[in-house]
Amino acid sequence: MARLSVNVDHVATLRKARGGKTPDPVMAAAIAEINGADGITVHLREDRRHIQDRDVFLLKNTVKTCLNLEMAATKEMLSIALEVKPDMVTLVPEKRAELTTEGGLDVKTSPEPLKNIVATLKEAGIHVNLFIDPNIEAVKSAHRIGPTGVEIHTGRYADAKAVDKEAEFKRLSDAVALSGKLGLATHAGHGLDYHNIAEVAALSEIDEFAIGFSIVARSVFSGFEEAVREMKRLIVSSRS
Ligand code: PXP
């Protein structure tokens with residue numbers, strides 16, 4: 001059964017807008033779990049623009065399902081991850097000026113630093129995913145680095161215009177199929193919403209979806225509980 005990991009970064013973005021204590025992403029995580037989330041994802045960015053260190057430490061103590069920490073492959077983040085010990089780390093590229101994570105990791109040109117970080121996290125008992133672009137070469141290069149799994153970037157498919165949709169879906173499904181064949185835990189995320197999730201969730205090799213923005217955006221109109229439940233329902237029904 002495919003899992004839904006709810007990304008609560010955007011709850012923290014709203015909190016940041018007024019610089020106060022609410023809405024609290026830790027509370028959102030608990031509500032998401034009660035309403036069917038199989039995991040909670042947060043991205044601790046270098047500039048701390050939304051999720052704060054306090055959130056990650058509290059979530060470690062409150063999340064009952066699976067805590068996935070998205071982070072850049074830096075010394076600072078590695079030491080935080082080793083202290084927090086989340087269930088899972090997803091290594092992502094990070095640029096300060098970007099609105100959100102724009103592309104997958106460069107797993108080809110300099111794999112050595114990534115190899116070291118992956119090995120260190122795995123030794124600490126943490127599952128490690130590499131966030132990669134949806135192409136065959138990236139899956140092969142990522143596999144050589146030795147992670148537990150990969151998270152395949154669905155953003156290009158999600159953003160593609162109608163004429164390009166089929167080609168982007170083919171790229172995505174080829175990458176997903178290879179990842180499954182290589183025995184990697186196969187995750188997918190970025191830009192997934194209530195309209196495109198059914199097509200992507202029908203790819204049976206995908207073990208888990210990381211979804212944030214669309215759920216928090218919908219919650220403004222339908223409530224957070226209902227937004228999580230509906231996304232989970234779409235994922236489950238696309239597999240039955
Ligand atoms: N996966 C990764 C690696 C991400 O960086 C993000 C965005 O924070 C997501 C999944 C979730 O994307 P979205 O917020 O578009 O659902």
# chains A, B, ... in the order shown; residues from 1 in each chain; ligands from 1
>>> select_by_dssp(residues="stretch 22-74 of chain A", states="strand (DSSP E)", output="list of chain:residue names")
A:Gly39, A:Ile40, A:Thr41, A:Val42, A:His43, A:Leu67, A:Asn68, A:Leu69, A:Glu70, A:Met71
>>> write_last_selection(atoms="N, CA, C and O atoms", output="mmCIF file, in the first residue's frame")
data_model
loop_
_atom_site.group_PDB
_atom_site.id
_atom_site.type_symbol
_atom_site.label_atom_id
_atom_site.label_comp_id
_atom_site.auth_asym_id
_atom_site.auth_seq_id
_atom_site.Cartn_x
_atom_site.Cartn_y
_atom_site.Cartn_z
ATOM 1 N N GLY A 39 3.165 9.413 7.406
ATOM 2 C CA GLY A 39 4.456 9.996 7.756
ATOM 3 C C GLY A 39 4.345 11.508 7.725
ATOM 4 O O GLY A 39 3.364 12.069 7.213
ATOM 5 N N ILE A 40 5.361 12.160 8.301
ATOM 6 C CA ILE A 40 5.418 13.626 8.328
ATOM 7 C C ILE A 40 6.776 14.044 7.760
ATOM 8 O O ILE A 40 7.817 13.504 8.149
ATOM 9 N N THR A 41 6.729 15.003 6.846
ATOM 10 C CA THR A 41 7.965 15.509 6.246
ATOM 11 C C THR A 41 8.151 16.978 6.602
ATOM 12 O O THR A 41 7.182 17.751 6.559
ATOM 13 N N VAL A 42 9.395 17.349 6.945
ATOM 14 C CA VAL A 42 9.731 18.767 7.116
ATOM 15 C C VAL A 42 11.090 19.024 6.470
ATOM 16 O O VAL A 42 11.953 18.153 6.457
ATOM 17 N N HIS A 43 11.236 20.226 5.934
ATOM 18 C CA HIS A 43 12.503 20.626 5.326
ATOM 19 C C HIS A 43 13.113 21.720 6.198
ATOM 20 O O HIS A 43 12.574 22.820 6.291
ATOM 21 N N LEU A 67 9.060 10.092 10.730
ATOM 22 C CA LEU A 67 9.519 11.473 10.529
ATOM 23 C C LEU A 67 10.602 11.509 9.455
ATOM 24 O O LEU A 67 11.652 10.872 9.588
ATOM 25 N N ASN A 68 10.319 12.259 8.399
ATOM 26 C CA ASN A 68 11.261 12.406 7.287
ATOM 27 C C ASN A 68 11.814 13.820 7.301
ATOM 28 O O ASN A 68 11.071 14.785 7.145
ATOM 29 N N LEU A 69 13.125 13.954 7.503
ATOM 30 C CA LEU A 69 13.764 15.270 7.518
ATOM 31 C C LEU A 69 14.426 15.512 6.166
ATOM 32 O O LEU A 69 15.360 14.804 5.785
ATOM 33 N N GLU A 70 13.913 16.517 5.445
ATOM 34 C CA GLU A 70 14.559 16.920 4.194
ATOM 35 C C GLU A 70 15.626 17.930 4.545
ATOM 36 O O GLU A 70 15.377 18.872 5.303
ATOM 37 N N MET A 71 16.794 17.759 3.948
ATOM 38 C CA MET A 71 17.883 18.693 4.284
ATOM 39 C C MET A 71 18.952 18.694 3.197
ATOM 40 O O MET A 71 19.070 17.744 2.421
#
>>> residues_near_ligand(ligand="ligand 1", cutoff="7 Å", atoms="only C-alpha atoms and all ligand atoms", output="PyMOL selection string")
chain A and resi 7+9+43+70+90+92+100-101+131+151+189-192+210-214
>>> atom_distance(atom1="atom CA of A:Lys122", atom2="atom CA of A:Thr148")
8.2 Å
>>> residues_around(residues="A:Pro93", least_positions_apart="3", cutoff="9 Å", atoms="only C-alpha atoms", output="MDAnalysis selection string")
chainID A and resid 71:73 101:106 131
>>> closest_residue(among="A:Ser141, A:Val89, A:Val220, A:His195", to="A:Ile235", atoms="only C-alpha atoms")
A:His195
>>> residues_around(residues="stretch 11-15 of chain A", least_positions_apart="2", cutoff="9 Å", atoms="only C-alpha atoms", output="PyMOL selection string")
chain A and resi 7-9+17-25+28+49-52+216
>>> residues_around(residues="A:Lys115", least_positions_apart="2", cutoff="12 Å", atoms="only C-alpha atoms", output="ChimeraX atom specification")
/A:73,91,107-108,110-113,117-122,128-130,141-148
>>> write_last_selection(atoms="N, CA, C and O atoms", output="mmCIF file, in the first residue's frame")
data_model
loop_
_atom_site.group_PDB
_atom_site.id
_atom_site.type_symbol
_atom_site.label_atom_id
_atom_site.label_comp_id
_atom_site.auth_asym_id
_atom_site.auth_seq_id
_atom_site.Cartn_x
_atom_site.Cartn_y
_atom_site.Cartn_z
ATOM 1 N N ALA A 73 22.860 18.517 1.963
ATOM 2 C CA ALA A 73 23.967 17.639 2.393
ATOM 3 C C ALA A 73 25.124 18.488 2.911
ATOM 4 O O ALA A 73 26.186 18.569 2.305
ATOM 5 N N LEU A 91 17.943 13.772 1.272
ATOM 6 C CA LEU A 91 18.934 14.785 0.912
ATOM 7 C C LEU A 91 18.478 15.513 -0.343
ATOM 8 O O LEU A 91 18.126 14.889 -1.351
ATOM 9 N N VAL A 107 23.782 13.841 -8.737
ATOM 10 C CA VAL A 107 24.299 12.578 -8.201
ATOM 11 C C VAL A 107 25.427 12.039 -9.073
ATOM 12 O O VAL A 107 25.989 10.989 -8.794
ATOM 13 N N LYS A 108 25.747 12.807 -10.148
ATOM 14 C CA LYS A 108 26.706 12.281 -11.115
ATOM 15 C C LYS A 108 28.108 12.864 -10.960
ATOM 16 O O LYS A 108 29.087 12.117 -10.870
ATOM 17 N N SER A 110 29.874 14.740 -8.562
ATOM 18 C CA SER A 110 30.754 14.523 -7.397
ATOM 19 C C SER A 110 30.043 13.668 -6.351
ATOM 20 O O SER A 110 29.557 14.183 -5.347
ATOM 21 N N PRO A 111 29.988 12.364 -6.588
ATOM 22 C CA PRO A 111 29.234 11.495 -5.683
ATOM 23 C C PRO A 111 29.900 11.241 -4.334
ATOM 24 O O PRO A 111 29.221 10.859 -3.386
ATOM 25 N N GLU A 112 31.229 11.520 -4.233
ATOM 26 C CA GLU A 112 31.944 11.134 -2.991
ATOM 27 C C GLU A 112 31.390 11.768 -1.718
ATOM 28 O O GLU A 112 31.121 11.063 -0.737
ATOM 29 N N PRO A 113 31.204 13.118 -1.686
ATOM 30 C CA PRO A 113 30.660 13.713 -0.449
ATOM 31 C C PRO A 113 29.279 13.128 -0.101
ATOM 32 O O PRO A 113 28.990 12.882 1.068
ATOM 33 N N ILE A 117 28.076 11.099 3.416
ATOM 34 C CA ILE A 117 26.918 11.493 4.237
ATOM 35 C C ILE A 117 25.913 10.354 4.320
ATOM 36 O O ILE A 117 25.378 10.044 5.391
ATOM 37 N N VAL A 118 25.646 9.704 3.184
ATOM 38 C CA VAL A 118 24.686 8.593 3.156
ATOM 39 C C VAL A 118 25.166 7.485 4.101
ATOM 40 O O VAL A 118 24.388 6.961 4.915
ATOM 41 N N ALA A 119 26.455 7.160 4.019
ATOM 42 C CA ALA A 119 26.988 6.069 4.857
ATOM 43 C C ALA A 119 26.884 6.431 6.336
ATOM 44 O O ALA A 119 26.499 5.605 7.172
ATOM 45 N N THR A 120 27.222 7.689 6.673
ATOM 46 C CA THR A 120 27.177 8.116 8.082
ATOM 47 C C THR A 120 25.751 8.041 8.628
ATOM 48 O O THR A 120 25.516 7.559 9.742
ATOM 49 N N LEU A 121 24.783 8.511 7.841
ATOM 50 C CA LEU A 121 23.379 8.483 8.298
ATOM 51 C C LEU A 121 22.885 7.042 8.429
ATOM 52 O O LEU A 121 22.200 6.693 9.390
ATOM 53 N N LYS A 122 23.250 6.211 7.473
ATOM 54 C CA LYS A 122 22.801 4.808 7.535
ATOM 55 C C LYS A 122 23.391 4.097 8.754
ATOM 56 O O LYS A 122 22.709 3.315 9.412
ATOM 57 N N VAL A 128 17.946 6.679 4.274
ATOM 58 C CA VAL A 128 18.351 7.867 3.511
ATOM 59 C C VAL A 128 17.854 7.784 2.069
ATOM 60 O O VAL A 128 18.125 6.808 1.361
ATOM 61 N N ASN A 129 17.143 8.835 1.665
ATOM 62 C CA ASN A 129 16.698 8.946 0.274
ATOM 63 C C ASN A 129 17.443 10.077 -0.409
ATOM 64 O O ASN A 129 17.747 11.091 0.223
ATOM 65 N N LEU A 130 17.706 9.914 -1.692
ATOM 66 C CA LEU A 130 18.276 11.002 -2.493
ATOM 67 C C LEU A 130 17.169 11.540 -3.398
ATOM 68 O O LEU A 130 16.489 10.769 -4.074
ATOM 69 N N SER A 141 22.859 6.574 -11.208
ATOM 70 C CA SER A 141 23.929 7.229 -10.435
ATOM 71 C C SER A 141 23.580 7.237 -8.952
ATOM 72 O O SER A 141 24.448 7.002 -8.102
ATOM 73 N N ALA A 142 22.320 7.497 -8.635
ATOM 74 C CA ALA A 142 21.900 7.519 -7.225
ATOM 75 C C ALA A 142 22.087 6.137 -6.605
ATOM 76 O O ALA A 142 22.589 6.011 -5.480
ATOM 77 N N HIS A 143 21.743 5.123 -7.327
ATOM 78 C CA HIS A 143 21.850 3.747 -6.822
ATOM 79 C C HIS A 143 23.293 3.430 -6.432
ATOM 80 O O HIS A 143 23.554 2.791 -5.402
ATOM 81 N N ARG A 144 24.258 3.923 -7.223
ATOM 82 C CA ARG A 144 25.677 3.652 -6.948
ATOM 83 C C ARG A 144 26.141 4.326 -5.655
ATOM 84 O O ARG A 144 27.125 3.924 -5.057
ATOM 85 N N ILE A 145 25.410 5.353 -5.215
ATOM 86 C CA ILE A 145 25.798 6.069 -3.986
ATOM 87 C C ILE A 145 25.413 5.267 -2.734
ATOM 88 O O ILE A 145 25.964 5.460 -1.653
ATOM 89 N N GLY A 146 24.470 4.365 -2.899
ATOM 90 C CA GLY A 146 24.126 3.455 -1.793
ATOM 91 C C GLY A 146 23.055 3.911 -0.816
ATOM 92 O O GLY A 146 23.104 3.536 0.359
ATOM 93 N N PRO A 147 22.073 4.701 -1.274
ATOM 94 C CA PRO A 147 21.014 5.119 -0.324
ATOM 95 C C PRO A 147 20.012 3.988 -0.090
ATOM 96 O O PRO A 147 20.042 2.974 -0.779
ATOM 97 N N THR A 148 19.131 4.200 0.898
ATOM 98 C CA THR A 148 18.028 3.249 1.092
ATOM 99 C C THR A 148 17.041 3.385 -0.058
ATOM 100 O O THR A 148 16.428 2.414 -0.482
#
>>> closest_residue(among="A:Ser179, A:Asn35, A:Asn61, A:Ser79", to="A:Ile132", atoms="only C-alpha atoms")
A:Ser179
>>> residues_around(residues="stretch 198-203 of chain A", least_positions_apart="3", cutoff="8 Å", atoms="only C-alpha atoms", output="ChimeraX atom specification")
/A:2,173,176,194-195,206,234-235,238-239
>>> residues_around(residues="A:Gly125", least_positions_apart="2", cutoff="9 Å", atoms="only C-alpha atoms", output="list of chain:residue names")
A:Lys85, A:Asp87, A:Met88, A:Leu121, A:Lys122, A:Glu123, A:His127
>>> closest_residue(among="A:Ala32, A:Glu83, A:Thr109, A:Asn196", to="A:Lys165", atoms="only C-alpha atoms")
A:Asn196
>>> atom_distance(atom1="atom CA of A:Phe221", atom2="atom CA of A:Asp53")
29.3 Å
>>> atom_distance(atom1="atom CA of A:Met231", atom2="atom CA of A:Cys66")
17.7 Å
>>> closest_residue(among="A:Ala124, A:Gly155, A:Leu178, A:Ala162", to="A:Lys140", atoms="only C-alpha atoms")
A:Leu178
